Amino acid sequence: MSAAQIGLDDALQAGNYTFVDRDKTEDKRKAALMAYDCDVFIASANAMTEDGVLVNIDGNANRVSAIAFGPRKVIFIVGMNKVTKDVDAAMKRARNEAAPINAQRFGLDTPCAKTGSCMNCKSPDTICCQFLITRYSKHKDRIHVILVDEQLGF
C-alpha cells in the first residue's frame with residue numbers, strides 16, 4: 001500500500017522494468033515464487049522501531065519469507081506513522097493497527113476485522129501466522145529503508 005500511495009507502483013509499471021504485482025496476477029503462487037529470485041523486492045513494514053528494527057506479520061509467509069531470504073535487494077518504504085519506540089510497541093502496532101485493517105481490506109472473517117483490534121485468534125482466516133523481526137542484515141547493502149515523512153499504509 002505504501003508504494004502505491006507514493007506512486008511507485010505506477011512509475012515502475014510505466015518504466016522499463018519487469019514489474020510483478022501479485023495482486024494483479026492470476027497465478028499468485030508463481031508471482032510469489034518469482035520474488036525469491038528478483039533483483040529488487042519492494043515492501044513496507046507493519047512497524048519499525050526508532051532504532052531500525054522492522055516488524056512484519058504475514059498470513060501466507062510470501063512477504064516475510066522474501067524479506068528474510070531471496071531477493072538480492074529489499075527496499076522498504078516506511079511512513080513515519082509506523083515508527084514506534086521499541087519492539088513491543090512495534091508488535092502491538094502490527095497486531096492492533098495493521099492486521100485488523102488488512103483483514104478488513106481482504107474481507108476476512110476474523111475477530112479483529114470485526115472489532116478493530118487483535119483478539120489473538122487462530123481463526124481459519126487469520127493473517128497473523130508468521131511474525132518476522134528484522135534487526136540486521138548479514139548481507140551488506142541488501143536491505144534499505146526509505147523513511148517518508150507522511151502517513152503511509154496501515
# chains A, B, ... in the order shown; residues from 1 in each chain; ligands from 1

$ closest_atom_pairs --of "range 6-96 of chain A" --to "range 121-129 of chain A" --cutoff "12 Å" --atoms "only C-alpha atoms" --output "tab-separated table"
residue	atom	partner	partner_atom	distance
A:Asn46	CA	A:Cys128	CA	11.6
A:Asn56	CA	A:Cys128	CA	9.5
A:Ile57	CA	A:Cys128	CA	5.8
A:Asp58	CA	A:Ile127	CA	5.7
A:Gly59	CA	A:Ile127	CA	3.8
A:Asn60	CA	A:Cys129	CA	7.2
A:Ala61	CA	A:Cys129	CA	7.7
A:Asn62	CA	A:Cys129	CA	11.2
A:Arg63	CA	A:Cys129	CA	11.8
A:Val64	CA	A:Cys129	CA	10.5
A:Met91	CA	A:Cys128	CA	11.1
A:Ala94	CA	A:Cys128	CA	9.4
A:Arg95	CA	A:Cys128	CA	7.7
A:Asn96	CA	A:Cys128	CA	10.8

$ write_last_selection --atoms "C-alpha atoms" --output "compact mmCIF listing (two decimals), in the first residue's frame"
# COMPACT_ATOMS: atom_id res chain seq x y z
CA ASN A 46 3.91 -3.18 9.62
CA ASN A 56 6.15 -7.71 9.81
CA ILE A 57 3.20 -10.08 10.13
CA ASP A 58 2.06 -12.30 7.28
CA GLY A 59 -0.68 -14.79 6.59
CA ASN A 60 0.88 -16.83 3.79
CA ALA A 61 4.56 -16.06 4.52
CA ASN A 62 5.22 -14.96 0.95
CA ARG A 63 6.18 -11.43 2.02
CA VAL A 64 8.10 -12.23 5.20
CA MET A 91 4.36 -5.73 17.71
CA ALA A 94 1.40 -4.53 13.79
CA ARG A 95 -1.24 -6.62 15.57
CA ASN A 96 -3.70 -3.88 16.55

$ residues_around --residues "Lys114 in chain A" --least-positions-apart "6" --cutoff "10 Å" --atoms "only C-alpha atoms" --output "ChimeraX atom specification"
/A:100-101,103-104,108

$ write_last_selection --atoms "all heavy atoms" --output "PDB file, in the first residue's frame"
ATOM      1  N   PRO A 100      -5.714  -5.666  11.708  1.00  0.00           N
ATOM      2  CA  PRO A 100      -7.168  -5.512  11.546  1.00  0.00           C
ATOM      3  C   PRO A 100      -7.568  -4.802  10.253  1.00  0.00           C
ATOM      4  O   PRO A 100      -8.516  -5.208   9.580  1.00  0.00           O
ATOM      5  CB  PRO A 100      -7.581  -4.687  12.772  1.00  0.00           C
ATOM      6  CG  PRO A 100      -6.532  -4.978  13.789  1.00  0.00           C
ATOM      7  CD  PRO A 100      -5.268  -5.134  13.000  1.00  0.00           C
ATOM      8  N   ILE A 101      -6.831  -3.768   9.889  1.00  0.00           N
ATOM      9  CA  ILE A 101      -7.154  -3.049   8.645  1.00  0.00           C
ATOM     10  C   ILE A 101      -6.955  -3.962   7.441  1.00  0.00           C
ATOM     11  O   ILE A 101      -7.767  -3.972   6.516  1.00  0.00           O
ATOM     12  CB  ILE A 101      -6.317  -1.759   8.523  1.00  0.00           C
ATOM     13  CG1 ILE A 101      -6.754  -0.757   9.599  1.00  0.00           C
ATOM     14  CG2 ILE A 101      -6.454  -1.153   7.136  1.00  0.00           C
ATOM     15  CD1 ILE A 101      -5.848   0.454   9.723  1.00  0.00           C
ATOM     16  N   ALA A 103      -7.087  -7.260   7.445  1.00  0.00           N
ATOM     17  CA  ALA A 103      -8.151  -8.280   7.481  1.00  0.00           C
ATOM     18  C   ALA A 103      -9.449  -7.717   6.904  1.00  0.00           C
ATOM     19  O   ALA A 103     -10.153  -8.396   6.152  1.00  0.00           O
ATOM     20  CB  ALA A 103      -8.352  -8.778   8.914  1.00  0.00           C
ATOM     21  N   GLN A 104      -9.757  -6.468   7.235  1.00  0.00           N
ATOM     22  CA  GLN A 104     -10.949  -5.819   6.675  1.00  0.00           C
ATOM     23  C   GLN A 104     -10.799  -5.627   5.168  1.00  0.00           C
ATOM     24  O   GLN A 104     -11.726  -5.895   4.401  1.00  0.00           O
ATOM     25  CB  GLN A 104     -11.178  -4.469   7.359  1.00  0.00           C
ATOM     26  CG  GLN A 104     -11.600  -4.598   8.807  1.00  0.00           C
ATOM     27  CD  GLN A 104     -11.519  -3.279   9.565  1.00  0.00           C
ATOM     28  OE1 GLN A 104     -11.035  -2.262   9.065  1.00  0.00           O
ATOM     29  NE2 GLN A 104     -11.987  -3.304  10.813  1.00  0.00           N
ATOM     30  N   LEU A 108     -11.809 -10.629   5.302  1.00  0.00           N
ATOM     31  CA  LEU A 108     -11.636 -11.856   6.069  1.00  0.00           C
ATOM     32  C   LEU A 108     -12.587 -11.906   7.266  1.00  0.00           C
ATOM     33  O   LEU A 108     -12.976 -10.874   7.806  1.00  0.00           O
ATOM     34  CB  LEU A 108     -10.183 -11.982   6.542  1.00  0.00           C
ATOM     35  CG  LEU A 108      -9.150 -11.985   5.408  1.00  0.00           C
ATOM     36  CD1 LEU A 108      -7.743 -12.014   5.973  1.00  0.00           C
ATOM     37  CD2 LEU A 108      -9.378 -13.155   4.462  1.00  0.00           C
TER      38      LEU A 108
END

$ atom_distance --atom1 "CA of Phe131 in chain A" --atom2 "CA of Val55 in chain A"
7.3 Å

$ closest_residue --among "A:Cys38, A:Ile75, A:Leu33, A:Met80" --to "Phe19 in chain A" --atoms "only C-alpha atoms"
A:Cys38

$ residues_around --residues "Lys85 in chain A" --least-positions-apart "6" --cutoff "9 Å" --atoms "only C-alpha atoms" --output "list in words"
Met48, Thr49, Glu50 and Asp51 of chain A

$ select_by_dssp --residues "range 1-138 of chain A" --states "strand (DSSP E or B)" --output "PyMOL selection string"
chain A and resi 40-43+47-49+54-58+73-79+83-84+130-134

$ select_by_dssp --residues "range 4-97 of chain A" --states "helix (DSSP H, G or I)" --output "PyMOL selection string"
chain A and resi 4-5+8-14+22-24+28-37+62-68+80-82+87-97

$ atom_distance --atom1 "CA of Thr134 in chain A" --atom2 "CA of Asn102 in chain A"
20.8 Å

$ atom_distance --atom1 "CA of Asp86 in chain A" --atom2 "CA of Leu54 in chain A"
10.1 Å

$ closest_residue --among "A:Ala47, A:Ala4, A:Val74, A:Val145" --to "Glu97 in chain A" --atoms "only C-alpha atoms"
A:Ala47
